[in-house]
Amino acid sequence: MALHFERLGTGRPLLMVHGLGSNLRTWDPLLPALRDSRELILVDLPGHGRSAPLVGRQTIEAHADALSGFVRLQGLTTADLVGSSVGGRLVLELARRGIGRHCVALDPGGFWHGWETRWFHWTLAASIRLVRLLRPFHAGLPRHAFTRTLLLAQLSARPSALPPQLVAKELQSLAATPVFDAMLRELARGPLQQGSATAPGLVTIGWGRQDHLLLPRQAARSQAAFPSARLHWFERCGHFPHWDQPAETVRVILETVGKDAP
């Protein structure tokens, strides 16, 4: 299927994959620091942003297949990969399948156990209901530090410090994503992420110390599943390192993929 995407910058290609309910604009805090050394391919996942939904069940396997098809169609089979949350899980899955080159997965999903699965499912379901209820007020709410904290405390360690425009775009995207509920159910009920002892290149898994959605204890399981991976902890950081620690996130990405590696 055709996915909406943007290309910008120059250098080796770097595919960037957002998380559930988001879109390619979530990466805006990183773009000025990355675009001078890499060609960035920012993609909207199926049913997100300007990409049409998949037909049928919204499973992680189906989304990985769609992303794999996009990679082949765009000639990106040796591109470096960066993903956040569900996008982090998807780039790990591509690496497991031998697709891509170096890989950075930020707080990837699929490593929850037991009650952590229910926590992930029901807290996120409750959050999206609140976001939808407040949809008429999305333009004004992000202007205030208190409401940014109220709405995004689950995803950010410092919501009050986030740019209001970024928050407004994220709220609008979350409320407008038609596949959110179906994909959330599939993630909670579906299989855990499979691992691999080998990957086409280097793998870095980054995790926020204050991630209240995908709890930090899951980081050890992700590294056990991908034993060659390097685990990087982001201090004073929630679920989205590219929001809470953008400069450090850029550094981790470039350390993994190389600034000018052939």
# chains A, B, ... in the order shown; residues from 1 in each chain; ligands from 1
>>> residues_around(residues="Leu92 of chain A", least_positions_apart="5", cutoff="12 Å", atoms="only C-alpha atoms", output="PyMOL selection string")
chain A and resi 17+60+64+67-68+80-87+97-111+193-205+222-223+225-226+229
>>> closest_atom_pairs(of="segment 103-201 of chain A", to="segment 41-45 of chain A", cutoff="12 Å", atoms="only C-alpha atoms", output="CSV")
residue,atom,partner,partner_atom,distance
A:Ser173,CA,A:Asp44,CA,11.1
A:Thr177,CA,A:Leu45,CA,10.4
A:Pro178,CA,A:Leu45,CA,11.9
A:Val179,CA,A:Leu45,CA,10.4
A:Phe180,CA,A:Leu45,CA,11.5
A:Met183,CA,A:Leu45,CA,11.6
>>> closest_residue(among="A:Glu93, A:Glu6, A:Asp244, A:Glu255", to="Gln74 of chain A", atoms="only C-alpha atoms")
A:Glu6
>>> closest_residue(among="A:Val131, A:Met1, A:Ala224, A:Ala126", to="Leu73 of chain A", atoms="only C-alpha atoms")
A:Met1
>>> select_by_dssp(residues="segment 58-167 of chain A", states="strand (DSSP E)", output="MDAnalysis selection string")
chainID A and resid 80:84 103:106
>>> closest_residue(among="A:Pro164, A:Pro227, A:Gly258, A:Gly47", to="Thr147 of chain A", atoms="only C-alpha atoms")
A:Pro164
>>> residues_around(residues="Gly238 of chain A", least_positions_apart="6", cutoff="9 Å", atoms="only C-alpha atoms", output="list in words")
Ala153, Gln154, Leu155, Ser156, Ala157, Arg158, Trp207, Gly208, Arg209, Gln210, Asp211, His212, Leu213 and Asp244 of chain A
>>> write_last_selection(atoms="C-alpha atoms", output="compact mmCIF listing (two decimals), in the first residue's frame")
# COMPACT_ATOMS: atom_id res chain seq x y z
CA ALA A 153 2.05 13.39 32.08
CA GLN A 154 1.78 9.78 30.89
CA LEU A 155 4.12 10.44 27.95
CA SER A 156 6.54 13.14 29.10
CA ALA A 157 8.59 13.67 32.24
CA ARG A 158 8.37 17.44 31.66
CA TRP A 207 14.52 4.04 27.37
CA GLY A 208 13.29 6.93 29.47
CA ARG A 209 13.86 6.46 33.20
CA GLN A 210 10.42 8.04 33.88
CA ASP A 211 8.44 6.19 31.21
CA HIS A 212 5.03 5.72 32.86
CA LEU A 213 3.50 3.90 29.88
CA ASP A 244 12.11 15.35 26.63
>>> closest_residue(among="A:Val55, A:Arg217, A:Leu171, A:Trp27", to="Ile128 of chain A", atoms="only C-alpha atoms")
A:Leu171
>>> select_by_dssp(residues="segment 46-143 of chain A", states="helix (DSSP H, G or I)", output="PyMOL selection string")
chain A and resi 60-73+86-96+115-133+135-137+141-143
>>> atom_distance(atom1="atom CA of Leu34 of chain A", atom2="atom CA of Lys169 of chain A")
21.0 Å
>>> atom_distance(atom1="atom CA of Ala168 of chain A", atom2="atom CA of Asp28 of chain A")
13.1 Å
>>> atom_distance(atom1="atom CA of Gly21 of chain A", atom2="atom CA of Pro53 of chain A")
12.2 Å
>>> closest_residue(among="A:Leu187, A:Pro46, A:Ala95, A:Ala79", to="Pro13 of chain A", atoms="only C-alpha atoms")
A:Ala79
>>> closest_residue(among="A:Gln218, A:Arg189, A:Leu40, A:Thr26", to="Pro163 of chain A", atoms="only C-alpha atoms")
A:Thr26
>>> residues_around(residues="Trp119 of chain A", least_positions_apart="6", cutoff="10 Å", atoms="only C-alpha atoms", output="list in words")
Trp112, Ala125, Ala188, His212, Leu213, Leu214 and Leu215 of chain A
>>> write_last_selection(atoms="C-alpha atoms", output="PDB file, in the first residue's frame")
ATOM      1  CA  TRP A 112       5.316  -6.097  28.606  1.00  0.00           C
ATOM      2  CA  ALA A 125      -7.466   3.806  26.396  1.00  0.00           C
ATOM      3  CA  ALA A 188      -2.503  -5.695  24.010  1.00  0.00           C
ATOM      4  CA  HIS A 212       5.031   5.719  32.859  1.00  0.00           C
ATOM      5  CA  LEU A 213       3.498   3.902  29.879  1.00  0.00           C
ATOM      6  CA  LEU A 214       6.072   1.247  28.968  1.00  0.00           C
ATOM      7  CA  LEU A 215       7.723   0.757  32.316  1.00  0.00           C
TER       8      LEU A 215
END
